[in-house]
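*Asks:* Here it is, the structure, as structure tokens.
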Amino acid sequence: MKKKTKPTYSREHLAYLKKIKHKKIFITLSRIFILALVLGIWELCAQLQVIDPFITSSPSRVCLTIAELYKNGSLFYHIGITLMETMVGFVLAVILGYAVAIVLWSSETVRKVLEPYIVVLNSLPKIALGPLIIIWIGTGYDAIIFMTVIVSIIVCIMNMLAGFIAVDKTKLLLMKSMGAGKATTLLKLIIPASLPTLISTLKVAVGLAWIGSIMGEYIVSRAGLGYLIVYGGQVFKLDLVMTATFILCVLAGGMYGIISIIEKHVTK
């Protein structure tokens, strides 16, 4: 077997790669610095009573609340429930949205018929459907997952459909001139060409999935991070509210980071 030879780069190219690496390090350090600065100012203002820590809480009080939730065994229980609801709703919304977008792309007539209804459904305030969801589905996890799906799916459909339609028309004409049918064009051209759109859709759907699951927990849940926020507000345990909000930010950031890693592999 032949040994793989390492590629040789010119001095200018190596300098360019080094510059890109330094820029990435600078961006990462800047993000960490901004986060540390915000948390530090928040803690300092709370300690100096510039702001009322009872109302705004503080990073130290959030840490103490996390430790308290961990000790009584409810921390990972509530995180697990909200994470499960969000992940299931996110996956269902993306899969169903992608499938519907393919159907709409494959038939211009169907697309033109259904497009106004999709726009109307997207503009509909989903929280208004809360009472109906309780009546239709009940007050369990299914209702929260359903809320997550309906919040996310329309955006997934519209984004993916836009990505399918935006594929280079000359390439479509080339596929047609070579006798390719709808299925072949979809598999060989449309899906590969719309991968960047899929990644962008996933990034948007992450935020919407969290919004949907928390909205659902506001309405019907008896556990989860949304439930902790509602309960904490009702009994004026604002440290609990800020703690649950902080954990939500961490989890949402983690999901977004996973999609960013997938994006790097896909773009390669």
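Residue numbers start at 1 in each chain; chains themselves are named A, B, ... in the order of the structure tokens; ligands are numbered from 1 in the order shown.
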Report the closest atom pair, with its distance in Å rounded to one decimal, for each residue of segment 134-227 of chain A that has an atom no farther than 9 Å from segment 122-127 of chain A; count only C-alpha atoms, sort by chain and then rising residue number, and write it as JSON lines.
*Replies:*
{"residue": "A:Met147", "atom": "CA", "partner": "A:Lys126", "partner_atom": "CA", "distance": 7.7}
{"residue": "A:Ile150", "atom": "CA", "partner": "A:Lys126", "partner_atom": "CA", "distance": 7.5}
{"residue": "A:Val151", "atom": "CA", "partner": "A:Lys126", "partner_atom": "CA", "distance": 6.6}
{"residue": "A:Ile153", "atom": "CA", "partner": "A:Asn122", "partner_atom": "CA", "distance": 9.0}
{"residue": "A:Ile154", "atom": "CA", "partner": "A:Asn122", "partner_atom": "CA", "distance": 5.8}
{"residue": "A:Val155", "atom": "CA", "partner": "A:Asn122", "partner_atom": "CA", "distance": 7.2}
{"residue": "A:Gly212", "atom": "CA", "partner": "A:Lys126", "partner_atom": "CA", "distance": 8.6}
{"residue": "A:Met215", "atom": "CA", "partner": "A:Ile127", "partner_atom": "CA", "distance": 7.0}
{"residue": "A:Gly216", "atom": "CA", "partner": "A:Ile127", "partner_atom": "CA", "distance": 8.3}
{"residue": "A:Ile219", "atom": "CA", "partner": "A:Ile127", "partner_atom": "CA", "distance": 8.7}
*Asks:* Can you tell me which residues surround Val204 of chain A at a distance of at most 9 Å, considering only C-alpha atoms, apart from same-chain residues fewer than 3 positions away, and format the answer as a PyMOL selection string?
*Replies:* chain A and resi 152+155-156+199-201+207-209
*Asks:* With distances taken over only C-alpha atoms, which of A:Leu248, A:Leu173, A:Ile258, A:Leu14 is nearest to Gly224 of chain A?
*Replies:*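 Among A:Leu248, A:Leu173, A:Ile258, A:Leu14, it is A:Leu248 that comes nearest to Gly224 of chain A.
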*Asks:* So what do you get for atom CA of Leu225 of chain A versus atom CA of Ala244 of chain A, distance-wise?
*Replies:*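 Going from atom CA of Leu225 of chain A over to atom CA of Ala244 of chain A, I get 5.5 Å.
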